[in-house]
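Colleague: The following file, model03.cif, comprises mmCIF, C-alpha atoms and all ligand atoms:
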```cif
data_model
#
loop_
_atom_site.label_atom_id
_atom_site.label_comp_id
_atom_site.auth_asym_id
_atom_site.auth_seq_id
_atom_site.Cartn_x
_atom_site.Cartn_y
_atom_site.Cartn_z
CA MET A 1 0.00 0.00 0.00
CA ASN A 2 1.47 3.39 -0.90
CA GLN A 3 2.01 6.10 1.72
CA LYS A 4 -0.69 8.47 0.39
CA LEU A 5 -3.31 5.72 0.70
CA LYS A 6 -2.10 4.82 4.22
CA THR A 7 -2.40 8.50 5.19
CA SER A 8 -5.94 8.73 3.75
CA ILE A 9 -7.00 5.66 5.72
CA ALA A 10 -5.49 7.08 8.93
CA TYR A 11 -7.25 10.45 8.37
CA ALA A 12 -10.59 8.78 7.55
CA LYS A 13 -10.41 6.60 10.68
CA ASN A 14 -9.97 9.78 12.75
CA LEU A 15 -12.36 11.91 10.68
CA LEU A 16 -13.94 13.76 13.62
CA VAL A 17 -10.52 15.11 14.63
CA THR A 18 -8.79 15.38 11.26
CA GLY A 19 -11.75 16.80 9.31
CA ALA A 20 -10.24 15.30 6.16
CA ILE A 21 -9.90 12.07 4.22
CA ALA A 22 -6.74 13.02 2.36
CA GLU A 23 -3.66 15.21 2.64
CA THR A 24 -3.87 18.78 1.38
CA SER A 25 -2.75 19.21 -2.22
CA ARG A 26 0.72 20.10 -3.48
CA HIS A 27 -0.68 23.48 -4.49
CA VAL A 28 -1.67 24.17 -0.85
CA GLU A 29 1.68 22.94 0.51
CA ILE A 30 3.36 25.66 -1.57
CA GLU A 31 0.75 28.43 -1.18
CA ILE A 32 0.52 28.11 2.60
CA CYS A 33 4.30 28.61 2.99
CA LYS A 34 4.26 31.86 0.98
CA TYR A 35 4.89 34.22 3.93
CA ILE A 36 7.39 32.12 5.87
CA PRO A 37 10.62 34.12 6.37
CA ARG A 38 13.46 32.29 4.58
CA GLU A 39 16.41 33.79 6.48
CA GLY A 40 17.52 34.48 10.05
CA ASN A 41 16.77 32.68 13.31
CA LYS A 42 13.01 32.43 13.00
CA ILE A 43 10.33 30.68 15.02
CA ILE A 44 7.61 29.03 12.98
CA VAL A 45 4.53 27.34 14.47
CA GLU A 46 2.47 24.68 12.73
CA PHE A 47 -1.02 23.59 13.86
CA GLY A 48 -2.22 20.15 12.64
CA VAL A 49 0.81 18.17 11.48
CA GLY A 50 -1.04 15.03 10.35
CA HIS A 51 1.46 12.84 8.49
CA GLY A 52 3.72 15.85 7.89
CA ASN A 53 3.32 16.89 4.25
CA ILE A 54 3.15 20.64 5.07
CA THR A 55 5.76 20.13 7.81
CA ARG A 56 8.26 18.95 5.16
CA GLU A 57 7.54 22.00 3.00
CA ILE A 58 8.03 24.35 5.97
CA LEU A 59 11.37 22.70 6.78
CA LYS A 60 12.43 23.14 3.13
CA SER A 61 11.57 26.85 3.38
CA ILE A 62 13.26 27.89 6.63
CA SER A 63 16.91 28.61 7.38
CA PRO A 64 19.23 26.07 9.10
CA THR A 65 19.02 28.04 12.38
CA SER A 66 15.25 28.47 12.50
CA LYS A 67 12.91 26.28 14.56
CA LEU A 68 9.53 24.73 13.77
CA TYR A 69 7.18 24.03 16.71
CA ALA A 70 4.59 21.62 15.33
CA PHE A 71 1.35 20.93 17.26
CA GLU A 72 -0.67 17.75 16.70
CA VAL A 73 -3.36 16.22 18.98
CA ASN A 74 -3.15 12.69 17.56
CA LYS A 75 -0.39 10.73 19.32
CA SER A 76 0.11 8.18 16.51
CA PHE A 77 0.50 11.01 13.94
CA CYS A 78 3.20 12.55 16.18
CA LYS A 79 4.97 9.17 16.33
CA HIS A 80 4.71 8.72 12.56
CA VAL A 81 6.23 12.16 11.89
CA SER A 82 9.01 11.72 14.44
CA GLU A 83 9.91 8.43 12.75
CA THR A 84 9.74 9.73 9.18
CA ILE A 85 11.18 13.25 9.47
CA SER A 86 14.63 13.52 10.94
CA ASP A 87 15.41 17.21 11.40
CA SER A 88 16.83 18.87 14.52
CA ARG A 89 14.88 22.08 13.72
CA LEU A 90 11.55 20.26 14.23
CA ILE A 91 9.97 20.16 17.71
CA ILE A 92 6.81 18.05 17.72
CA ILE A 93 4.31 18.92 20.45
CA ASN A 94 1.56 16.39 21.15
CA ASP A 95 -1.01 18.99 22.23
CA GLY A 96 -3.80 21.12 20.77
CA ALA A 97 -3.38 24.51 19.14
CA GLN A 98 -5.68 25.89 21.88
CA ASN A 99 -2.79 25.28 24.31
CA VAL A 100 -0.11 27.02 22.25
CA LYS A 101 0.57 29.62 24.98
CA LYS A 102 1.57 26.85 27.42
CA HIS A 103 4.49 25.95 25.14
CA ILE A 104 5.49 29.19 23.38
CA LYS A 105 5.82 32.62 24.96
CA GLY A 106 6.04 34.92 21.91
CA ASP A 107 8.13 36.26 19.02
CA VAL A 108 6.62 33.89 16.47
CA ASP A 109 7.46 34.67 12.82
CA ALA A 110 4.73 32.65 11.06
CA VAL A 111 1.84 30.33 11.90
CA ILE A 112 0.91 27.65 9.36
CA SER A 113 -2.30 25.79 10.13
CA SER A 114 -4.46 23.02 8.68
CA ILE A 115 -6.60 22.30 11.76
CA PRO A 116 -10.33 21.82 11.09
CA PHE A 117 -11.97 25.03 12.40
CA SER A 118 -15.39 23.90 11.15
CA PHE A 119 -15.32 21.17 13.81
CA PHE A 120 -14.53 23.56 16.68
CA SER A 121 -16.92 25.63 18.79
CA LYS A 122 -16.88 29.35 17.98
CA GLU A 123 -15.17 30.03 21.34
CA LYS A 124 -12.41 27.47 20.76
CA GLY A 125 -11.80 28.73 17.21
CA LEU A 126 -11.60 32.37 18.30
CA LYS A 127 -9.28 31.52 21.21
CA ILE A 128 -6.84 29.77 18.87
CA ILE A 129 -6.83 32.72 16.45
CA GLN A 130 -6.56 35.31 19.24
CA ASP A 131 -3.70 33.47 20.99
CA ALA A 132 -1.81 33.06 17.71
CA TYR A 133 -2.27 36.78 16.98
CA GLY A 134 -0.86 37.60 20.43
CA LEU A 135 2.25 35.45 19.87
CA LEU A 136 3.08 36.70 16.36
CA ARG A 137 5.51 39.58 15.82
CA ASN A 138 4.30 42.63 13.92
CA ASN A 139 4.22 42.30 10.11
CA THR A 140 4.00 38.52 10.09
CA TYR A 141 1.34 36.10 8.85
CA TYR A 142 -0.95 33.33 10.02
CA SER A 143 -1.84 31.14 7.00
CA GLN A 144 -4.67 28.62 7.29
CA VAL A 145 -6.04 26.03 4.85
CA LEU A 146 -9.73 25.07 5.07
CA TYR A 147 -12.29 23.37 2.85
CA THR A 148 -14.74 26.25 3.25
CA LYS A 149 -14.89 30.04 3.16
CA PHE A 150 -17.17 30.15 6.22
CA ASN A 151 -14.48 30.63 8.86
CA PHE A 152 -12.86 33.59 7.10
CA LYS A 153 -14.87 36.14 9.14
CA LYS A 154 -13.41 34.83 12.42
CA PHE A 155 -9.91 35.60 11.14
CA GLN A 156 -11.02 39.02 9.87
CA GLN A 157 -12.36 39.80 13.36
CA ILE A 158 -8.87 39.45 14.84
CA PHE A 159 -6.23 40.02 12.15
CA ASP A 160 -5.52 43.41 10.58
CA GLU A 161 -5.50 42.35 6.91
CA CYS A 162 -6.83 39.06 5.47
CA TYR A 163 -7.29 37.61 2.00
CA MET A 164 -8.25 34.21 0.67
CA LYS A 165 -6.68 32.20 -2.18
CA SER A 166 -8.13 29.22 -4.03
CA ASN A 167 -6.96 27.42 -7.13
CA LYS A 168 -8.94 26.30 -10.18
CA LYS A 169 -7.58 22.77 -9.86
CA THR A 170 -8.25 22.45 -6.12
CA ILE A 171 -11.45 24.46 -5.76
CA THR A 172 -12.36 22.85 -2.45
CA GLU A 173 -9.26 24.19 -0.66
CA TYR A 174 -9.00 27.78 0.52
CA VAL A 175 -5.86 29.30 1.97
CA TYR A 176 -6.50 32.29 4.24
CA HIS A 177 -3.50 34.62 4.62
CA CYS A 178 -3.90 36.85 7.69
CA LYS A 179 -1.45 39.62 8.58
CA LYS A 180 -0.65 41.12 11.94
CA SER A 181 0.37 44.69 11.16
CA ASN A 182 2.27 47.18 13.25
CA THR A 183 0.59 47.63 16.61
CA TYR A 184 2.04 50.60 18.44
C1 LIG A 201 -6.91 18.23 7.79
S1 LIG A 201 -5.67 17.39 8.74
C2 LIG A 201 -4.26 18.17 7.96
C3 LIG A 201 -3.02 17.34 8.01
C4 LIG A 201 -1.87 17.83 7.14
N1 LIG A 201 -1.19 18.98 7.75
C5 LIG A 201 -2.31 18.17 5.75
O1 LIG A 201 -2.19 19.34 5.37
O2 LIG A 201 -2.78 17.31 5.03
C6 LIG A 201 -5.83 18.25 10.30
C7 LIG A 201 -4.87 17.79 11.38
O3 LIG A 201 -5.06 18.61 12.53
C8 LIG A 201 -5.05 17.79 13.69
N2 LIG A 201 -5.80 18.53 14.73
C9 LIG A 201 -7.14 18.60 14.92
N3 LIG A 201 -7.43 19.43 15.92
C10 LIG A 201 -6.25 19.93 16.38
C11 LIG A 201 -5.89 20.86 17.39
N4 LIG A 201 -6.81 21.46 18.16
N5 LIG A 201 -4.58 21.15 17.57
C12 LIG A 201 -3.62 20.56 16.81
N6 LIG A 201 -3.90 19.66 15.85
C13 LIG A 201 -5.19 19.36 15.62
C14 LIG A 201 -5.69 16.48 13.24
O4 LIG A 201 -5.36 15.39 14.07
C15 LIG A 201 -5.09 16.35 11.84
O5 LIG A 201 -3.87 15.70 11.87
#
```
Can the structure in the file be given as structure tokens, please?
Modeller:
Amino acid sequence: MNQKLKTSIAYAKNLLVTGAIAETSRHVEIEICKYIPREGNKIIVEFGVGHGNITREILKSISPTSKLYAFEVNKSFCKHVSETISDSRLIIINDGAQNVKKHIKGDVDAVISSIPFSFFSKEKGLKIIQDAYGLLRNNTYYSQVLYTKFNFKKFQQIFDECYMKSNKKTITEYVYHCKKSNTY
């Protein structure tokens, strides 16, 4: 059985937590990394690692001295990624995005997320977005992939500038890019 099929089966078995039956597309892997800083000692946060397809793309994008803190609630997905990605810049955290402030205190340079907001209560969703906004530096981005446009307003409520990207080939995937601007 090939790896993509194994991943789909694992996601489908955990559908109520993954919110997906397949990995996000190659187009999304590239689009969602658009605002990751490529140089310097940066701190990147990922929400929803799954089997690590976006994680690999983030690691390809960042500098050798940057760090990626990757949050995933499913223990077996964390194990899978720690066994298949060997990279000292990657710190896997087996906890939910709603607990990000327990693990990271600030100065984050990008948040990349594929967690299923449609499955969260409004309060939980807004807390995750608000906490991420609080941790990000000025002039940085939170980028989120979702299968619907319906959560966009929650991001607009908190972030200073937001836009949405979709692709003709993958019309069911939307990437929201949300910027934290200068806050004096
Ligand atoms: C749609 S899958 C995306 C997986 C992969 N990053 C991709 O792009 O294909 C969503 C992932 O988020 C995880 N997840 C769900 N709720 C979460 C939460 N509150 N915090 C962190 N991860 C969560 C799920 O277990 C699942 O692995």
Colleague: Between A:Thr148, A:Thr140, A:Asn2, A:Ser61, which residue has the minimum interatomic distance to A:Phe117, considering all atoms listed in the file?
Modeller: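 Nearest candidate to A:Phe117 out of A:Thr148, A:Thr140, A:Asn2, A:Ser61: A:Thr148.
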Colleague: Near A:Lys75, within 10 Å and counting only C-alpha atoms, which residues show up once chain neighbours fewer than 4 positions away are dropped, as a PyMOL selection string?
Modeller: chain A and resi 50+79-80+93-95
Colleague: Kindly provide, as number ranges by chain, all nucleotide and amino acid residues lying within 6 Å of ligand LIG 201 (chain A), counting only C-alpha atoms and all ligand atoms.
Modeller: A: 17-20, 23-24, 47-50, 52-54, 71-74, 96-98, 114-116
Colleague: How close does stretch 89-121 of chain A get to stretch 62-65 of chain A? List, as JSON lines, each residue of stretch 89-121 of chain A within 12 Å, its nearest atom pair and the distance in Å to one decimal, counting all atoms listed in the file.
Modeller:
```
{"residue": "A:Arg89", "atom": "CA", "partner": "A:Thr65", "partner_atom": "CA", "distance": 7.4}
{"residue": "A:Leu90", "atom": "CA", "partner": "A:Ile62", "partner_atom": "CA", "distance": 10.9}
{"residue": "A:Asp109", "atom": "CA", "partner": "A:Ile62", "partner_atom": "CA", "distance": 10.9}
{"residue": "A:Ala110", "atom": "CA", "partner": "A:Ile62", "partner_atom": "CA", "distance": 10.7}
```
Colleague: With distances taken over all atoms listed in the file, which residue among A:Ile58, A:Leu68, A:Ile92, A:Val45 lies nearest A:Val28?
Modeller: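 For A:Val28, the nearest of the candidates is A:Ile58.
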Colleague: Name all residues at most 12 Å from A:Leu135 (count all atoms listed in the file; drop same-chain ones fewer than 6 positions away) and give them as a VMD selection string.
Modeller: chain A and resid 43 to 45 100 to 111 128 to 129 141 to 142 180
Colleague: Between A:Leu136, A:Phe77, A:Lys153, A:His27, single out the one closest to A:Ile171, counting all atoms listed in the file.
Modeller: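 Comparing A:Leu136, A:Phe77, A:Lys153, A:His27 against A:Ile171, the winner is A:His27.
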Colleague: Which residues are near A:Ser118? Cut-off 12 Å, all atoms listed in the file, ignore same chain within fewer than 4 positions. Put them as a CSV table (one decimal) with C-alpha atoms, in the coordinates of the input.
Modeller:
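This went into result_10.csv:
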```csv
chain,number,residue,atom,x,y,z
A,16,LEU,CA,-13.9,13.8,13.6
A,17,VAL,CA,-10.5,15.1,14.6
A,18,THR,CA,-8.8,15.4,11.3
A,19,GLY,CA,-11.8,16.8,9.3
A,20,ALA,CA,-10.2,15.3,6.2
A,114,SER,CA,-4.5,23.0,8.7
A,122,LYS,CA,-16.9,29.4,18.0
A,123,GLU,CA,-15.2,30.0,21.3
A,124,LYS,CA,-12.4,27.5,20.8
A,125,GLY,CA,-11.8,28.7,17.2
A,126,LEU,CA,-11.6,32.4,18.3
A,145,VAL,CA,-6.0,26.0,4.8
A,146,LEU,CA,-9.7,25.1,5.1
A,147,TYR,CA,-12.3,23.4,2.8
A,148,THR,CA,-14.7,26.2,3.2
A,149,LYS,CA,-14.9,30.0,3.2
A,150,PHE,CA,-17.2,30.2,6.2
A,151,ASN,CA,-14.5,30.6,8.9
A,152,PHE,CA,-12.9,33.6,7.1
A,154,LYS,CA,-13.4,34.8,12.4
```
Colleague: How far is it from atom CA of A:Asn182 to atom CA of A:Tyr133, in Å with one decimal?
Modeller: 11.9 Å
Colleague: Which residue out of A:Asn139, A:Thr170, A:Gln130, A:Ser25 has the minimum interatomic distance to A:Phe155 when all atoms listed in the file are used?
Modeller: A:Gln130
Colleague: Would you compute the distance between atom CA of A:Phe120 and atom CA of A:Lys42? Give it in Å to one decimal.
Modeller: 29.2 Å
Colleague: Within 12 Å of A:Arg26, counting all atoms listed in the file, which residues qualify if same-chain residues fewer than 3 places away don't, as a list in words?
Modeller: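 Returned residues: Ala22, Glu23, Glu29, Ile30, Glu31, Ile32, Cys33, Asn53, Ile54, Arg56, Glu57, Asn167, Lys169, Thr170 and Glu173 of chain A.
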Colleague: Output C-alpha atoms for every residue in the selection just made, as a JSON list (two decimals), keeping the file's coordinate frame.
Modeller:
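Generated output (part_32.json):
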```json
[["chain", "number", "residue", "atom", "x", "y", "z"],
["A", 22, "ALA", "CA", -6.74, 13.02, 2.36],
["A", 23, "GLU", "CA", -3.66, 15.21, 2.64],
["A", 29, "GLU", "CA", 1.68, 22.94, 0.51],
["A", 30, "ILE", "CA", 3.36, 25.66, -1.57],
["A", 31, "GLU", "CA", 0.75, 28.43, -1.18],
["A", 32, "ILE", "CA", 0.52, 28.11, 2.60],
["A", 33, "CYS", "CA", 4.30, 28.61, 2.99],
["A", 53, "ASN", "CA", 3.32, 16.89, 4.25],
["A", 54, "ILE", "CA", 3.15, 20.64, 5.07],
["A", 56, "ARG", "CA", 8.26, 18.95, 5.16],
["A", 57, "GLU", "CA", 7.54, 22.00, 3.00],
["A", 167, "ASN", "CA", -6.96, 27.42, -7.13],
["A", 169, "LYS", "CA", -7.58, 22.77, -9.86],
["A", 170, "THR", "CA", -8.25, 22.45, -6.12],
["A", 173, "GLU", "CA", -9.26, 24.19, -0.66]]
```
Colleague: From the list A:Tyr174, A:Met164, A:Ser181, A:Ser76, which residue is nearest A:Arg137 when using all atoms listed in the file?
Modeller: A:Ser181
